[in-house]
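Coordinates from target.pdb are shown below (PDB, C-alpha atoms).
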```pdb
MODEL        1
ATOM      1  CA  MET R 820      11.400 -22.307  31.862
ATOM      2  CA  SER R 821      14.336 -20.118  32.886
ATOM      3  CA  GLU R 822      15.282 -17.002  30.983
ATOM      4  CA  PRO R 823      18.206 -17.430  28.560
ATOM      5  CA  ARG R 824      21.557 -16.128  29.732
ATOM      6  CA  GLU R 825      22.517 -12.770  28.223
ATOM      7  CA  VAL R 826      25.998 -12.529  26.732
ATOM      8  CA  ARG R 827      26.932  -8.891  26.359
ATOM      9  CA  LEU R 828      29.323  -7.994  23.557
ATOM     10  CA  PRO R 829      31.299  -4.740  23.764
ATOM     11  CA  ALA R 830      30.508  -3.841  20.151
ATOM     12  CA  VAL R 831      29.155  -5.329  16.945
ATOM     13  CA  PRO R 832      31.903  -7.790  15.908
ATOM     14  CA  GLY R 833      33.579  -7.778  12.520
ATOM     15  CA  LEU R 834      32.503 -10.507  10.131
ATOM     16  CA  GLY R 835      36.077 -11.171   8.987
ATOM     17  CA  GLY R 836      37.145 -12.347  12.414
ATOM     18  CA  LEU R 837      33.964 -14.372  12.854
ATOM     19  CA  TYR R 838      34.497 -16.223   9.563
ATOM     20  CA  GLY R 839      38.071 -16.896  10.671
ATOM     21  CA  ARG R 840      36.756 -18.529  13.861
ATOM     22  CA  ALA R 841      34.259 -20.517  11.788
ATOM     23  CA  ALA R 842      37.047 -21.799   9.520
ATOM     24  CA  ALA R 843      39.134 -22.846  12.523
ATOM     25  CA  GLY R 844      36.138 -24.662  14.012
ATOM     26  CA  ALA R 845      35.470 -26.463  10.736
ATOM     27  CA  ALA R 846      39.099 -27.574  10.577
ATOM     28  CA  ARG R 847      38.925 -28.984  14.122
ATOM     29  CA  LEU R 848      35.720 -30.854  13.242
ATOM     30  CA  ALA R 849      37.339 -32.335  10.124
ATOM     31  CA  LEU R 850      40.338 -33.550  12.139
ATOM     32  CA  ARG R 851      37.950 -35.345  14.523
ATOM     33  CA  GLY R 852      36.253 -37.108  11.633
ATOM     34  CA  GLY R 853      33.276 -34.754  11.318
ATOM     35  CA  SER R 854      30.083 -36.338  12.629
ATOM     36  CA  ARG R 855      27.082 -36.122  10.291
ATOM     37  CA  ARG R 856      24.679 -36.216  13.259
ATOM     38  CA  VAL R 857      23.513 -33.266  15.359
ATOM     39  CA  SER R 858      22.628 -34.107  18.951
ATOM     40  CA  ALA R 859      23.603 -31.078  21.061
ATOM     41  CA  PRO R 860      20.883 -28.483  21.790
ATOM     42  CA  LEU R 861      21.078 -24.860  20.772
ATOM     43  CA  PRO R 862      22.851 -22.640  23.323
ATOM     44  CA  ASP R 863      20.342 -21.043  25.684
ATOM     45  CA  VAL R 864      21.840 -17.574  25.359
ATOM     46  CA  VAL R 865      21.051 -14.171  23.926
ATOM     47  CA  HIS R 866      23.873 -12.128  22.425
ATOM     48  CA  ALA R 867      23.413  -8.436  23.165
ATOM     49  CA  VAL R 868      25.042  -5.220  21.996
ATOM     50  CA  ASP R 869      23.945  -1.777  23.192
ATOM     51  CA  GLY R 870      24.893   1.705  22.061
ATOM     52  CA  VAL R 871      25.114   0.914  18.332
ATOM     53  CA  ARG R 872      25.347   4.087  16.250
ATOM     54  CA  VAL R 873      24.947   4.421  12.506
ATOM     55  CA  ASP R 874      27.681   5.988  10.397
ATOM     56  CA  ALA R 875      26.131   8.438   7.917
ATOM     57  CA  ALA R 876      28.650   7.658   5.154
ATOM     58  CA  HIS R 877      28.011   3.923   5.538
ATOM     59  CA  LEU R 878      24.249   4.451   5.321
ATOM     60  CA  THR R 879      24.672   6.597   2.200
ATOM     61  CA  ALA R 880      26.841   3.932   0.541
ATOM     62  CA  TYR R 881      24.165   1.313   1.196
ATOM     63  CA  GLN R 882      21.370   3.549  -0.084
ATOM     64  CA  ARG R 883      23.235   4.285  -3.307
ATOM     65  CA  LEU R 884      24.116   0.653  -3.944
ATOM     66  CA  LEU R 885      20.599  -0.698  -3.327
ATOM     67  CA  GLY R 886      18.623   2.185  -4.823
ATOM     68  CA  GLU R 887      17.062   3.369  -1.563
ATOM     69  CA  PRO R 888      16.257   7.084  -1.160
ATOM     70  CA  GLY R 889      18.868   9.223   0.572
ATOM     71  CA  THR R 890      16.905   9.966   3.756
ATOM     72  CA  ASP R 891      17.634   9.537   7.474
ATOM     73  CA  ALA R 892      15.355   6.466   7.636
ATOM     74  CA  LEU R 893      17.249   3.176   7.912
ATOM     75  CA  PRO R 894      16.115   0.704   5.205
ATOM     76  CA  ALA R 895      15.000  -2.660   6.582
ATOM     77  CA  GLY R 896      17.799  -4.388   4.661
ATOM     78  CA  TYR R 897      20.336  -1.996   6.160
ATOM     79  CA  VAL R 898      19.212  -2.896   9.690
ATOM     80  CA  HIS R 899      19.824  -6.537   8.755
ATOM     81  CA  VAL R 900      23.373  -5.598   7.681
ATOM     82  CA  LEU R 901      23.999  -3.832  11.001
ATOM     83  CA  ALA R 902      22.643  -6.653  13.150
ATOM     84  CA  PHE R 903      23.791  -9.719  11.173
ATOM     85  CA  PRO R 904      27.253  -9.945  12.820
ATOM     86  CA  VAL R 905      25.633 -10.292  16.269
ATOM     87  CA  ALA R 906      23.738 -13.381  15.080
ATOM     88  CA  THR R 907      26.881 -14.645  13.350
ATOM     89  CA  ALA R 908      28.794 -14.392  16.638
ATOM     90  CA  LEU R 909      26.207 -16.751  18.105
ATOM     91  CA  MET R 910      26.754 -19.254  15.280
ATOM     92  CA  VAL R 911      30.530 -19.458  15.827
ATOM     93  CA  ARG R 912      30.257 -20.261  19.538
ATOM     94  CA  ASP R 913      31.923 -23.524  20.551
ATOM     95  CA  ASP R 914      28.571 -24.826  21.845
ATOM     96  CA  PHE R 915      26.598 -23.979  18.683
ATOM     97  CA  PRO R 916      25.835 -27.419  17.191
ATOM     98  CA  LEU R 917      25.824 -26.485  13.489
ATOM     99  CA  PRO R 918      28.874 -25.299  11.492
ATOM    100  CA  LEU R 919      28.606 -21.803  10.057
ATOM    101  CA  LEU R 920      30.676 -22.583   6.962
ATOM    102  CA  GLY R 921      28.528 -24.319   4.373
ATOM    103  CA  MET R 922      25.259 -22.981   5.790
ATOM    104  CA  VAL R 923      22.621 -22.123   3.178
ATOM    105  CA  HIS R 924      20.341 -19.113   3.675
ATOM    106  CA  LEU R 925      16.828 -20.415   2.929
ATOM    107  CA  ALA R 926      14.530 -17.555   3.889
ATOM    108  CA  ASN R 927      14.234 -14.244   5.687
ATOM    109  CA  ARG R 928      11.248 -12.726   7.488
ATOM    110  CA  VAL R 929      11.319  -9.161   8.772
ATOM    111  CA  GLU R 930       8.825  -7.048  10.671
ATOM    112  CA  GLN R 931       9.631  -3.370  10.628
ATOM    113  CA  ARG R 932       7.229  -2.112  13.278
ATOM    114  CA  ARG R 933       8.329   1.514  13.206
ATOM    115  CA  PRO R 934      11.073   3.457  11.430
ATOM    116  CA  LEU R 935      14.594   3.631  12.809
ATOM    117  CA  LEU R 936      16.522   6.817  12.025
ATOM    118  CA  LEU R 937      20.122   7.832  11.478
ATOM    119  CA  GLY R 938      20.391   9.588  14.852
ATOM    120  CA  ASP R 939      18.964   6.665  16.853
ATOM    121  CA  VAL R 940      21.128   4.637  19.199
ATOM    122  CA  LEU R 941      20.363   0.963  18.693
ATOM    123  CA  ALA R 942      20.250  -2.074  20.957
ATOM    124  CA  VAL R 943      20.589  -5.456  19.238
ATOM    125  CA  ARG R 944      19.615  -8.873  20.632
ATOM    126  CA  ALA R 945      20.131 -12.213  18.840
ATOM    127  CA  HIS R 946      19.226 -15.802  19.713
ATOM    128  CA  ALA R 947      18.731 -19.131  17.935
ATOM    129  CA  GLU R 948      15.610 -21.278  17.998
ATOM    130  CA  GLY R 949      13.663 -23.915  16.107
ATOM    131  CA  MET R 950      16.349 -26.433  15.186
ATOM    132  CA  ARG R 951      14.444 -28.996  13.131
ATOM    133  CA  PRO R 952      14.875 -31.563  10.365
ATOM    134  CA  HIS R 953      14.892 -30.666   6.691
ATOM    135  CA  ALA R 954      14.850 -32.977   3.675
ATOM    136  CA  ARG R 955      18.491 -32.001   2.993
ATOM    137  CA  GLY R 956      19.804 -31.702   6.547
ATOM    138  CA  THR R 957      18.995 -29.580   9.596
ATOM    139  CA  GLN R 958      17.569 -26.070   9.657
ATOM    140  CA  VAL R 959      17.572 -23.396  12.333
ATOM    141  CA  ASP R 960      16.208 -19.887  12.854
ATOM    142  CA  LEU R 961      18.394 -16.959  13.930
ATOM    143  CA  VAL R 962      16.219 -14.276  15.500
ATOM    144  CA  VAL R 963      17.407 -10.674  15.814
ATOM    145  CA  GLU R 964      15.515  -7.858  17.527
ATOM    146  CA  VAL R 965      16.515  -4.200  17.344
ATOM    147  CA  ARG R 966      15.312  -1.412  19.587
ATOM    148  CA  GLY R 967      16.242   2.204  19.034
ATOM    149  CA  GLY R 968      15.817   5.735  20.232
ATOM    150  CA  ALA R 969      17.621   8.936  21.065
ATOM    151  CA  GLY R 970      18.905   7.696  24.449
ATOM    152  CA  ASP R 971      22.537   6.881  25.098
ATOM    153  CA  ALA R 972      21.995   3.114  25.465
ATOM    154  CA  GLY R 973      19.536   2.702  22.622
ATOM    155  CA  ARG R 974      17.212   0.757  24.876
ATOM    156  CA  GLY R 975      13.473   0.925  24.495
ATOM    157  CA  ASP R 976      10.508  -1.115  25.562
ATOM    158  CA  ASP R 977       9.353  -1.735  22.016
ATOM    159  CA  VAL R 978      11.051  -3.763  19.305
ATOM    160  CA  ALA R 979      11.265  -1.598  16.202
ATOM    161  CA  TRP R 980      12.691  -4.271  13.874
ATOM    162  CA  ARG R 981      12.579  -8.064  14.130
ATOM    163  CA  GLY R 982      14.226 -10.426  11.661
ATOM    164  CA  VAL R 983      14.151 -14.222  11.431
ATOM    165  CA  SER R 984      16.760 -15.784   9.127
ATOM    166  CA  THR R 985      16.361 -19.496   8.362
ATOM    167  CA  TYR R 986      19.523 -21.446   7.572
ATOM    168  CA  LEU R 987      20.153 -25.010   6.403
ATOM    169  CA  ALA R 988      23.130 -27.139   7.418
ATOM    170  CA  PRO R 989      23.220 -29.547   4.441
ATOM    171  CA  GLY R 990      23.852 -33.213   5.131
ATOM    172  CA  LEU R 991      23.685 -32.945   8.938
ATOM    173  CA  ARG R 992      20.891 -35.048  10.442
ATOM    174  CA  LEU R 993      19.192 -34.244  13.732
ATOM    175  CA  THR R 994      19.489 -37.200  16.117
ATOM    176  CA  GLY R 995      16.147 -38.734  17.017
ATOM    177  CA  ALA R 996      14.238 -36.880  14.317
ATOM    178  CA  GLY R 997      13.005 -38.134  10.996
ATOM    179  CA  THR R 998      13.347 -36.331   7.723
ATOM    180  CA  GLU R 999      10.934 -33.582   6.843
ATOM    181  CA  GLU R1000       9.756 -33.177   3.290
ATOM    182  CA  PRO R1001       9.558 -29.511   2.284
ATOM    183  CA  ALA R1002       6.196 -28.071   1.388
ATOM    184  CA  GLU R1003       5.677 -28.245  -2.338
ATOM    185  CA  ARG R1004       6.222 -24.834  -3.857
ATOM    186  CA  PRO R1005       3.587 -23.758  -6.386
ATOM    187  CA  THR R1006       4.858 -23.770  -9.956
ATOM    188  CA  PHE R1007       6.359 -20.379 -10.690
ATOM    189  CA  VAL R1008       4.954 -18.712 -13.773
ATOM    190  CA  PRO R1009       6.978 -15.577 -14.548
ATOM    191  CA  PRO R1010       4.770 -12.488 -14.611
ATOM    192  CA  ALA R1011       5.346  -9.580 -16.953
ATOM    193  CA  PRO R1012       8.582  -8.048 -15.607
ATOM    194  CA  THR R1013       8.523  -4.591 -14.078
ATOM    195  CA  GLY R1014      12.282  -4.259 -14.442
ATOM    196  CA  THR R1015      15.575  -5.898 -15.423
ATOM    197  CA  TRP R1016      18.849  -5.925 -13.506
ATOM    198  CA  ARG R1017      22.160  -6.342 -15.303
ATOM    199  CA  LEU R1018      24.616  -7.370 -12.627
ATOM    200  CA  ASP R1019      28.327  -7.277 -13.396
ATOM    201  CA  ALA R1020      31.028  -9.509 -11.931
ATOM    202  CA  GLY R1021      31.824  -6.980  -9.181
ATOM    203  CA  THR R1022      28.314  -6.910  -7.670
ATOM    204  CA  GLY R1023      29.218  -9.291  -4.847
ATOM    205  CA  ARG R1024      32.394  -7.391  -4.017
ATOM    206  CA  ARG R1025      30.530  -4.071  -3.806
ATOM    207  CA  TYR R1026      27.796  -5.459  -1.566
ATOM    208  CA  GLY R1027      30.445  -7.244   0.488
ATOM    209  CA  ALA R1028      32.245  -3.941   1.035
ATOM    210  CA  VAL R1029      29.041  -2.354   2.367
ATOM    211  CA  SER R1030      27.696  -5.344   4.318
ATOM    212  CA  GLY R1031      31.008  -6.726   5.572
ATOM    213  CA  ASP R1032      29.999 -10.155   4.230
ATOM    214  CA  ARG R1033      33.050 -11.065   2.129
ATOM    215  CA  ASN R1034      32.262 -14.754   1.852
ATOM    216  CA  PRO R1035      34.449 -16.073  -1.008
ATOM    217  CA  ILE R1036      31.438 -17.466  -2.899
ATOM    218  CA  HIS R1037      30.449 -13.845  -3.654
ATOM    219  CA  LEU R1038      33.810 -12.372  -4.645
ATOM    220  CA  SER R1039      35.129 -14.036  -7.806
ATOM    221  CA  ALA R1040      34.863 -17.143  -9.962
ATOM    222  CA  LEU R1041      38.229 -18.311  -8.640
ATOM    223  CA  SER R1042      37.176 -18.096  -4.978
ATOM    224  CA  ALA R1043      33.678 -19.492  -5.612
ATOM    225  CA  ARG R1044      34.704 -22.654  -7.516
ATOM    226  CA  PRO R1045      36.006 -24.582  -4.447
ATOM    227  CA  PHE R1046      32.481 -24.279  -3.016
ATOM    228  CA  GLY R1047      30.812 -25.748  -6.094
ATOM    229  CA  PHE R1048      29.851 -22.604  -7.996
ATOM    230  CA  PRO R1049      31.081 -21.995 -11.566
ATOM    231  CA  ARG R1050      31.104 -18.234 -10.950
ATOM    232  CA  ALA R1051      30.610 -15.894  -8.014
ATOM    233  CA  ILE R1052      27.017 -15.595  -6.817
ATOM    234  CA  ALA R1053      25.124 -12.521  -5.638
ATOM    235  CA  HIS R1054      24.300 -12.227  -1.945
ATOM    236  CA  GLY R1055      20.747 -13.333  -1.278
ATOM    237  CA  MET R1056      20.117 -10.256   0.855
ATOM    238  CA  TYR R1057      21.365  -8.032  -1.963
ATOM    239  CA  THR R1058      18.678  -9.353  -4.298
ATOM    240  CA  ALA R1059      16.002  -9.320  -1.581
ATOM    241  CA  SER R1060      16.852  -5.796  -0.427
ATOM    242  CA  ARG R1061      16.980  -4.472  -3.962
ATOM    243  CA  LEU R1062      13.486  -5.896  -4.612
ATOM    244  CA  LEU R1063      12.284  -4.087  -1.486
ATOM    245  CA  ALA R1064      13.899  -0.865  -2.715
ATOM    246  CA  ASP R1065      12.146  -1.304  -6.062
ATOM    247  CA  VAL R1066       8.766  -1.321  -4.269
ATOM    248  CA  GLY R1067       9.590   2.108  -2.855
ATOM    249  CA  ALA R1068       7.737   4.229  -0.327
ATOM    250  CA  VAL R1069       4.345   2.630  -1.067
ATOM    251  CA  ARG R1070       5.410  -0.238   1.233
ATOM    252  CA  GLY R1071       4.714   2.129   4.152
ATOM    253  CA  GLU R1072       6.731   2.845   7.280
ATOM    254  CA  ALA R1073       5.665  -0.343   9.095
ATOM    255  CA  PHE R1074       5.553  -3.577   7.123
ATOM    256  CA  ALA R1075       6.162  -7.319   7.045
ATOM    257  CA  TRP R1076       8.708  -8.454   4.450
ATOM    258  CA  SER R1077       9.288 -12.117   3.643
ATOM    259  CA  VAL R1078      11.590 -13.680   1.064
ATOM    260  CA  GLU R1079      12.545 -17.207   0.027
ATOM    261  CA  PHE R1080      15.898 -17.812  -1.634
ATOM    262  CA  VAL R1081      15.312 -20.388  -4.373
ATOM    263  CA  LYS R1082      18.328 -20.382  -6.714
ATOM    264  CA  PRO R1083      21.527 -18.296  -6.624
ATOM    265  CA  VAL R1084      22.197 -15.538  -9.142
ATOM    266  CA  LEU R1085      25.452 -16.220 -10.991
ATOM    267  CA  LEU R1086      27.615 -13.162 -11.692
ATOM    268  CA  PRO R1087      27.733 -11.564 -14.130
ATOM    269  CA  GLY R1088      24.100 -12.116 -15.014
ATOM    270  CA  THR R1089      20.798 -10.606 -16.046
ATOM    271  CA  VAL R1090      17.790 -10.879 -13.733
ATOM    272  CA  ALA R1091      14.152 -10.199 -14.553
ATOM    273  CA  VAL R1092      12.199  -8.737 -11.629
ATOM    274  CA  SER R1093       8.623  -7.990 -10.695
ATOM    275  CA  THR R1094       7.219  -5.897  -7.846
ATOM    276  CA  ARG R1095       3.477  -5.741  -8.366
ATOM    277  CA  PRO R1096       0.369  -5.327  -6.176
ATOM    278  CA  ALA R1097      -0.897  -8.602  -4.697
ATOM    279  CA  ASP R1098      -4.538  -9.651  -4.757
ATOM    280  CA  ALA R1099      -4.631  -9.819  -0.939
ATOM    281  CA  GLY R1100      -2.914  -6.452  -0.521
ATOM    282  CA  GLY R1101       0.733  -5.523  -0.340
ATOM    283  CA  TYR R1102       3.168  -6.491  -3.080
ATOM    284  CA  ASP R1103       4.450  -9.733  -4.562
ATOM    285  CA  LEU R1104       8.208  -9.802  -5.191
ATOM    286  CA  ALA R1105      10.022 -12.000  -7.675
ATOM    287  CA  ALA R1106      13.421 -12.222  -9.363
ATOM    288  CA  TRP R1107      14.083 -14.887 -11.995
ATOM    289  CA  HIS R1108      16.295 -15.941 -14.862
ATOM    290  CA  PRO R1109      14.863 -14.226 -17.951
ATOM    291  CA  ARG R1110      15.671 -17.114 -20.307
ATOM    292  CA  THR R1111      14.813 -20.206 -18.244
ATOM    293  CA  GLY R1112      12.070 -18.622 -16.124
ATOM    294  CA  LYS R1113      13.462 -20.286 -12.993
ATOM    295  CA  PRO R1114      13.066 -18.154  -9.851
ATOM    296  CA  HIS R1115      15.949 -16.783  -7.807
ATOM    297  CA  VAL R1116      13.998 -14.995  -5.048
ATOM    298  CA  LEU R1117      10.267 -14.967  -4.230
ATOM    299  CA  GLY R1118       8.641 -12.845  -1.556
ATOM    300  CA  THR R1119       5.988 -10.439  -0.333
ATOM    301  CA  VAL R1120       5.800  -7.134   1.484
ATOM    302  CA  ALA R1121       2.642  -5.911   3.216
ATOM    303  CA  ARG R1122       1.818  -3.038   5.538
ATOM    304  CA  LEU R1123       1.458  -3.767   9.235
ATOM    305  CA  LEU R1124      -1.812  -2.560  10.714
TER     306      LEU R1124
ENDMDL
END
```

Please express the file's structure as structure tokens.
Amino acid sequence: MSEPREVRLPAVPGLGGLYGRAAAGAARLALRGGSRRVSAPLPDVVHAVDGVRVDAAHLTAYQRLLGEPGTDALPAGYVHVLAFPVATALMVRDDFPLPLLGMVHLANRVEQRRPLLLGDVLAVRAHAEGMRPHARGTQVDLVVEVRGGAGDAGRGDDVAWRGVSTYLAPGLRLTGAGTEEPAERPTFVPPAPTGTWRLDAGTGRRYGAVSGDRNPIHLSALSARPFGFPRAIAHGMYTASRLLADVGAVRGEAFAWSVEFVKPVLLPGTVAVSTRPADAGGYDLAAWHPRTGKPHVLGTVARLL
């Protein structure tokens, strides 16, 4: 099998422009009738950006918003924020077979293999893999790897951070593949909460300002309603990253962090949370509606040996 073609980007792109390209692509698809079948393969390319530097003020804003300590270490969720636009640029390519707009973020898996620091120069690589059927459409994995060091290019032999984000394109069926029933999730029984979040209506706007992800479903009730939400919803990665921050330094410097996004958090809203030691080691993470007991986010974090 040949190596994928590397597409080098001059810098990390802005999400605003990428969402604009996605909207234009969706409009073209609608004018052509919009096929509900997916037959084209994923592009065999890797998007690459070298020489990425962290802005100290931006890092501080993220740390304050998410409750991370004000150190030079880059939180795992912050690395996701830095690298996410490179993966998004892949998803708005003309040859990417799934439309970015309407995608649902199902899960995120991160391995932080060693700390990345404020002074490091980062190299980001992103590719797509694993397009497969889902009971509600077609799912795909976006894989991002980040290397970092003190060198000018930010290149290094070892991957310091690796993230796999799983997305669902609802209603789009993969040609030649049957449907795939999701694994049955164990019944969630809310544990005794270790904390409570009271999120106001501006939560999505504040995280959007830090992350660059100003998707209208997160900004206001008015902008969220055309997409089927009665009010704005919190970013999934905001809730996941805040759970990780709640665990604190006991997670260690190298860890595996996995989250499943079950049900959106409507804003404003109150969320019950739990970050407690797991029987098998590490920590179980959960955020749920305090009245109904229905989960919003479930996950784990465990040290890497």

Exercise for the section: Find the residues near segment 1026-1029 of chain R: any atom within 9 Å, counting only C-alpha atoms, skip ones fewer than 3 places away on the same chain, and give them as a list of chain:residue names. Expected result: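 So the residues in contact are R:His877, R:Leu878, R:Ala880, R:Tyr881, R:Leu884, R:Leu885, R:Val900, R:Gly1021, R:Thr1022, R:Gly1023, R:Asp1032, R:Arg1033, R:Asn1034, R:His1037, R:Leu1038, R:Ala1053, R:His1054, R:Tyr1057.
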
Fill in the blank from the handout: Counting all atoms listed in the file, closest pick from R:Glu887, R:Asp939, R:Asp914, R:Glu930 relative to Val871 of chain R is R:Asp939

Exercise for the section: Around the point (17.3, 0.2, 13.7) in the file's coordinates, collect all residues with an atom within 6 Å, using all atoms listed in the file, and return them as a PyMOL selection string. Expected result: chain R and resi 898+935+941+965+967

Practice task
Write out as a list of chain:residue names which residues come within 9 Å of Ala1020 of chain R when counting all atoms listed in the file, dropping same-chain ones fewer than 4 positions away.
Solution key: R:Arg1024, R:Leu1038, R:Ser1039, R:Ala1040, R:Arg1050, R:Ala1051, R:Ile1052, R:Leu1085, R:Leu1086, R:Pro1087, R:Gly1088

Exercise for the section: Work out how far apart atom CA of Arg872 of chain R and atom CA of Leu937 of chain R are and give it in Å to one decimal. Expected result: 8.0 Å

Practice task
Provide the atom CA of Ala908 of chain R to atom CA of Leu925 of chain R distance in Å, to one decimal place.
Solution key: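 Answer for the atom CA of Ala908 of chain R to atom CA of Leu925 of chain R separation: 19.2 Å.
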
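Near Val831 of chain R, within a cut-off of 7 Å and counting only C-alpha atoms, sit the residues Val868, Pro904 and Val905 of chain R, with same-chain residues fewer than 3 positions away left out.
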
Handout entry: Computed interatomic separation between atom CA of Met1056 of chain R and atom CA of Trp1076 of chain R (Å)
Key = 12.1 Å

Problem - Contact residues around Trp980 of chain R with only C-alpha atoms at 12 Å, ignoring same-chain residues under 4 positions, as a PyMOL selection string - result: chain R and resi 893-899+901-902+928-936+941-945+962-967+975+1072-1076

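Ranking R:Thr1013, R:Thr957, R:Ser1060, R:Thr1094 by their shortest atom-to-atom distance to Arg855 of chain R, with only C-alpha atoms included, puts R:Thr957 first.
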
Report as a CSV table (one decimal) with C-alpha atoms, in the coordinates of the input the full result of the PyMOL selection byres ((chain R and resi 1003-1009) around 10) when it is applied to this structure.
```csv
chain,number,residue,atom,x,y,z
R,1000,GLU,CA,9.8,-33.2,3.3
R,1001,PRO,CA,9.6,-29.5,2.3
R,1002,ALA,CA,6.2,-28.1,1.4
R,1010,PRO,CA,4.8,-12.5,-14.6
R,1011,ALA,CA,5.3,-9.6,-17.0
R,1012,PRO,CA,8.6,-8.0,-15.6
R,1091,ALA,CA,14.2,-10.2,-14.6
R,1092,VAL,CA,12.2,-8.7,-11.6
R,1093,SER,CA,8.6,-8.0,-10.7
R,1105,ALA,CA,10.0,-12.0,-7.7
R,1106,ALA,CA,13.4,-12.2,-9.4
R,1107,TRP,CA,14.1,-14.9,-12.0
R,1108,HIS,CA,16.3,-15.9,-14.9
R,1109,PRO,CA,14.9,-14.2,-18.0
R,1111,THR,CA,14.8,-20.2,-18.2
R,1112,GLY,CA,12.1,-18.6,-16.1
R,1113,LYS,CA,13.5,-20.3,-13.0
R,1114,PRO,CA,13.1,-18.2,-9.9
R,1117,LEU,CA,10.3,-15.0,-4.2
```

Exercise for the section: Convert the output of the PyMOL selection byres ((chain R and resi 988) around 12) on the shown file into explicit residues, formatted as number ranges by chain. Expected result: R: 855-857, 910, 916-925, 950-960, 985-987, 989-993

Problem - Residues near Thr1119 of chain R, cut-off 6 Å, only C-alpha atoms, skip fewer than 6 positions along chain, as a list in words - result: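 Close residues of Thr1119 of chain R: Trp1076, Ser1077, Tyr1102, Asp1103 and Leu1104 of chain R.
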
Handout entry: Pick from R:Ser858, R:Thr994, R:Ser821, R:Gln882 nearest to Arg1061 of chain R, counting all atoms listed in the file
Key =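 Among R:Ser858, R:Thr994, R:Ser821, R:Gln882, it is R:Gln882 that comes nearest to Arg1061 of chain R.
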
Exercise for the section: List, as a ChimeraX atom specification, every residue that the PyMOL selection byres ((chain R and resi 836-840) around 8) selects in the file provided. Expected result: /R:832-835,841-844,907-908,911,920

Practice task
Could you check which of R:Ser1030, R:Lys1082, R:Gly886, R:His1115 is closest to Ala1068 of chain R, using only C-alpha atoms?
Solution key: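 Closest to Ala1068 of chain R of all the choices is R:Gly886.
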